[in-house]
Amino acid sequence: NKQKIVIAEVGRHLGESVTFGCWLTRRRSSGKIQFLQLRDGTGYIQGVLVKEEVPEQVWEEASRLTQESSLYITGVVREDPRSPSGFELSVTGVEVIQVTQDYPITPKEHGVDFLMDNRHLWLRAPRQRAILKIRAQIISAVQSFFDERGFTLVDPPILTPSSAEGTTELFHIKYFDEDAYLTQSGQLYMEAAAMALGKVYSFGPTFRAEKSKTRRHLIEFWMIEPEMAFVDHEENLRVQEQFVSHVVGEVLKNCRPELETLGRDIAALERVKPPFPRITYDQAIDMLKELGMELPWGEDFGAPHETALAEKFDRPMFITHYPTGIKAFYMKPDPNRPEVVLCADMIAPEGYGEIIGGSQRIDDPELMEQRFKEHDLSSEAYQWYMDLRRYGTVPHSGFGLGLERTVAWICGLDHVRETIPFPRMLYRLYP
Ligand code: 4AD
Ligand code: MG
């Protein structure tokens with residue numbers, strides 16, 4: 001009965017004989033010596049067999065191993081300054097579980113469609129592993145940030161009777177005899193939760209039937225949505241810049257090897273510290289004009305505009321006070337200038353676009369009622385939301401951070417398809 005370890009732990013077993021389960025990524029043989037590249041999900045290590053020093057049967061078993069064959073391996077852990085892990089295994093035993101035939105993803109270059117069709121196998125690549133590790137670290141940093149600041153995690157529903165961000169782009173489903181939709185955003189429910197618990201945040205999947213085929217859009221993506229009672233627009237922005245800086249800081253602290261695997265520019269991430277620059281929508285319009293990208297006041301920005309603006313700054317930046325007409329119905333108008341709202345989008349640097357959308361919310365019951373009418377929202381479906389303004393209304397604010405765009409930015413990826421284990425995109429539902 002062998003004591004099994006994992007590759008990440010080999011450093012604690014220097015000079016000892018250990019056994020672990022693993023897959024072979026590559027095998028080289030000179031006829032007298034075999035080099036086995038091994039991985040187990042926790043790390044990578046090279047196993048070495050010298051023909052003259054191992055039993056004939058062990059040598060033969062190792063010789064059968066092909067790419068992605070599964071096995072238990074036994075050997076003595078040695079220090080090896082030349083290897084990336086710092087260690088090497090002198091192999092003494094090989095127990096084959098399966099010899100893999102014709103593994104589809106070979107070390108040669110493959111096209112994106114082929115890799116996406118084989119996403120379930122592509123995940124085994126070191127680069128994909130690094131991304132999923134960083135994604136997990138980002139999620140854990142999100143939770144620690146809010147948990148340590150008195151926020152309560154609240155889960156809004158996935159099946160909803162109405163929309164949160166507007167009536168288009170919804171996935172429609174039957175809910176017995178009623179109509180239902182997959183949630184676009186948990187925000188409205190989080191507003192109810194904030195009136196019950198003060199400061200809350202959610203973390204869950206959201207769905208948008210957007211016919212956008214871009215490197216920033218997914219059909220199913222995960223959002224972090226904090227909502228805070230007695231918090232205004234200004235404080236909302238301060239929370240956001242601290243939050244994003246914390247998340248980047250935790251990745252820098254805990255994911256160095258993964259960032260290196262991805263070849264990420266560390267210096268760009270190290271600059272992510274508060275305060276983040278802020279410009280108003282009006283200033284953005286002026287800056288775009290100077291850049292030769294003239295836009296009439298009242299039009300929304302597209303990805304090229306965001307990228308051009310972000311290039312002026314070395315860290316994430318806010319664009320605030322958008323025209324009321326192009327933003328969601330629940331955003332509070334600026335009391336000094338009702339044609340703009342107390343909102344902000346956070347734009348990531350290096351061309352990654354909007355990662356946060358947020359605002360102060362309307363707290364006045366009459367204005368809220370008026371907005372329902374203007375936006376043609378059947379106010380019956382929203383009666384519960386009106387109640388939040390009827391019974392003890394307070395100033396409150398919140399925001400939503402898109403997890404996958406954040407992962408793409410922090411990892412330095414050129415497409416969101418690699419930021420989530422199994423992406424749902426306009427023309428992709430498999431695997
Ligand atoms: O700006 P959005 O639409 O804001 C809301 O849904 C608000 N209700 C959030 C709130 O205030 N509680 O979406 C928020 C973020 C975007 O900034 C973006 O990062 C991400 O969600 N996002 C997407 N990510 C990937 N694919 C898509 N199709 C996305 N749509 C939005
Ligand atoms: Mg937005």
# chains A, B, ... in the order shown; residues from 1 in each chain; ligands from 1
call {"tool": "residues_around", "arguments": {"residues": "Ile319 of chain A", "least_positions_apart": "5", "cutoff": "10 Å", "atoms": "only C-alpha atoms", "output": "list in words"}}
result
Pro277, Arg278, Ile279, Thr280, Tyr281, Asp282, Gln283, Ala284, Glu306, Leu309, Ala310, Cys343, Ala344, Asp345, Met346, Ile347, Glu354 and Gly357 of chain A
call {"tool": "select_by_dssp", "arguments": {"residues": "segment 33-243 of chain A", "states": "helix (DSSP H, G or I)", "output": "PyMOL selection string"}}
result
chain A and resi 51-53+56-63+112-117+119-122+126-147+187-197+233-243
call {"tool": "residues_around", "arguments": {"residues": "Gly21 of chain A", "least_positions_apart": "6", "cutoff": "10 Å", "atoms": "only C-alpha atoms", "output": "number ranges by chain"}}
result
A: 4-7, 38-40, 70-74, 95-97
call {"tool": "atom_distance", "arguments": {"atom1": "atom CA of Pro55 of chain A", "atom2": "atom CA of Gly93 of chain A"}}
result
8.7 Å
call {"tool": "closest_atom_pairs", "arguments": {"of": "chain A", "to": "ligand 1", "cutoff": "8 Å", "atoms": "only C-alpha atoms and all ligand atoms", "output": "Markdown table"}}
result
| residue | atom | partner | partner_atom_place_in_ligand_line | distance |
| --- | --- | --- | --- | --- |
| A:Ala164 | CA | ligand 1 | 8 (N) | 6.5 |
| A:Glu165 | CA | ligand 1 | 6 (O) | 6.0 |
| A:Gln184 | CA | ligand 1 | 6 (O) | 6.5 |
| A:Ser185 | CA | ligand 1 | 6 (O) | 4.8 |
| A:Gly186 | CA | ligand 1 | 12 (N) | 6.7 |
| A:Gln187 | CA | ligand 1 | 12 (N) | 4.4 |
| A:Leu188 | CA | ligand 1 | 8 (N) | 7.6 |
| A:Met190 | CA | ligand 1 | 12 (N) | 7.8 |
| A:Phe207 | CA | ligand 1 | 28 (N) | 7.6 |
| A:Arg208 | CA | ligand 1 | 28 (N) | 5.9 |
| A:Glu210 | CA | ligand 1 | 28 (N) | 6.5 |
| A:Ser212 | CA | ligand 1 | 28 (N) | 7.7 |
| A:Arg216 | CA | ligand 1 | 25 (C) | 5.8 |
| A:His217 | CA | ligand 1 | 26 (N) | 3.6 |
| A:Leu218 | CA | ligand 1 | 26 (N) | 3.9 |
| A:Ile219 | CA | ligand 1 | 28 (N) | 5.5 |
| A:Glu220 | CA | ligand 1 | 26 (N) | 6.9 |
| A:Phe221 | CA | ligand 1 | 25 (C) | 5.4 |
| A:Trp222 | CA | ligand 1 | 24 (N) | 7.5 |
| A:Met223 | CA | ligand 1 | 21 (O) | 6.0 |
| A:Ile224 | CA | ligand 1 | 12 (N) | 7.8 |
| A:Glu225 | CA | ligand 1 | 12 (N) | 4.7 |
| A:Pro226 | CA | ligand 1 | 12 (N) | 6.6 |
| A:Glu227 | CA | ligand 1 | 12 (N) | 7.0 |
| A:Asp345 | CA | ligand 1 | 17 (O) | 6.8 |
| A:Met346 | CA | ligand 1 | 17 (O) | 7.2 |
| A:Glu354 | CA | ligand 1 | 17 (O) | 4.9 |
| A:Ile355 | CA | ligand 1 | 19 (O) | 3.5 |
| A:Ile356 | CA | ligand 1 | 17 (O) | 3.6 |
| A:Gly357 | CA | ligand 1 | 1 (O) | 3.9 |
| A:Gly358 | CA | ligand 1 | 11 (O) | 4.1 |
| A:Ser359 | CA | ligand 1 | 11 (O) | 6.1 |
| A:Ser397 | CA | ligand 1 | 11 (O) | 7.9 |
| A:Gly398 | CA | ligand 1 | 11 (O) | 5.1 |
| A:Phe399 | CA | ligand 1 | 11 (O) | 3.4 |
| A:Gly400 | CA | ligand 1 | 9 (C) | 3.6 |
| A:Leu401 | CA | ligand 1 | 15 (C) | 4.8 |
| A:Gly402 | CA | ligand 1 | 19 (O) | 3.4 |
| A:Leu403 | CA | ligand 1 | 19 (O) | 6.7 |
| A:Glu404 | CA | ligand 1 | 25 (C) | 6.1 |
| A:Arg405 | CA | ligand 1 | 19 (O) | 5.6 |
| A:Thr406 | CA | ligand 1 | 19 (O) | 7.1 |
| A:Val416 | CA | ligand 1 | 25 (C) | 7.6 |
call {"tool": "closest_residue", "arguments": {"among": "A:Gly43, A:Gly31, A:Pro423, A:Pro333", "to": "Lys133 of chain A", "atoms": "only C-alpha atoms"}}
result
A:Gly43
call {"tool": "atom_distance", "arguments": {"atom1": "atom CA of Phe230 of chain A", "atom2": "atom CA of Lys199 of chain A"}}
result
9.2 Å
call {"tool": "residues_around", "arguments": {"residues": "Leu388 of chain A", "least_positions_apart": "6", "cutoff": "10 Å", "atoms": "only C-alpha atoms", "output": "list in words"}}
result
Leu188, Glu191, Ala192, Ala193, Ala194, Met195, Asp363, Asp364, Pro365 and Val394 of chain A
call {"tool": "write_last_selection", "arguments": {"atoms": "N, CA and C atoms", "output": "mmCIF file, in the first residue's frame"}}
result
data_model
loop_
_atom_site.group_PDB
_atom_site.id
_atom_site.type_symbol
_atom_site.label_atom_id
_atom_site.label_comp_id
_atom_site.auth_asym_id
_atom_site.auth_seq_id
_atom_site.Cartn_x
_atom_site.Cartn_y
_atom_site.Cartn_z
ATOM 1 N N LEU A 188 -31.512 43.725 -9.566
ATOM 2 C CA LEU A 188 -32.758 44.178 -8.934
ATOM 3 C C LEU A 188 -33.007 43.418 -7.634
ATOM 4 N N GLU A 191 -30.737 44.667 -4.938
ATOM 5 C CA GLU A 191 -31.237 45.894 -4.296
ATOM 6 C C GLU A 191 -32.162 45.532 -3.136
ATOM 7 N N ALA A 192 -33.031 44.543 -3.353
ATOM 8 C CA ALA A 192 -33.897 44.085 -2.258
ATOM 9 C C ALA A 192 -33.054 43.553 -1.105
ATOM 10 N N ALA A 193 -32.011 42.796 -1.441
ATOM 11 C CA ALA A 193 -31.148 42.210 -0.409
ATOM 12 C C ALA A 193 -30.395 43.299 0.364
ATOM 13 N N ALA A 194 -29.981 44.377 -0.346
ATOM 14 C CA ALA A 194 -29.258 45.462 0.325
ATOM 15 C C ALA A 194 -30.155 46.163 1.342
ATOM 16 N N MET A 195 -31.456 46.230 1.062
ATOM 17 C CA MET A 195 -32.382 46.855 2.007
ATOM 18 C C MET A 195 -32.590 45.957 3.231
ATOM 19 N N ASP A 363 -33.835 56.419 -6.080
ATOM 20 C CA ASP A 363 -34.483 56.073 -4.811
ATOM 21 C C ASP A 363 -35.846 56.751 -4.643
ATOM 22 N N ASP A 364 -36.170 57.667 -5.553
ATOM 23 C CA ASP A 364 -37.425 58.399 -5.465
ATOM 24 C C ASP A 364 -38.561 57.604 -6.114
ATOM 25 N N PRO A 365 -39.628 57.277 -5.342
ATOM 26 C CA PRO A 365 -40.696 56.427 -5.892
ATOM 27 C C PRO A 365 -41.379 57.027 -7.127
ATOM 28 N N VAL A 394 -33.801 54.386 0.452
ATOM 29 C CA VAL A 394 -32.543 55.043 0.850
ATOM 30 C C VAL A 394 -31.652 55.195 -0.380
#
call {"tool": "residues_around", "arguments": {"residues": "segment 143-159 of chain A", "least_positions_apart": "2", "cutoff": "6 Å", "atoms": "only C-alpha atoms", "output": "ChimeraX atom specification"}}
result
/A:140-141,181-183,186,189,199-202
call {"tool": "closest_residue", "arguments": {"among": "A:Lys312, A:Ala408, A:Asn336, A:Ala303", "to": "ligand 2", "atoms": "only C-alpha atoms and all ligand atoms"}}
result
A:Ala303
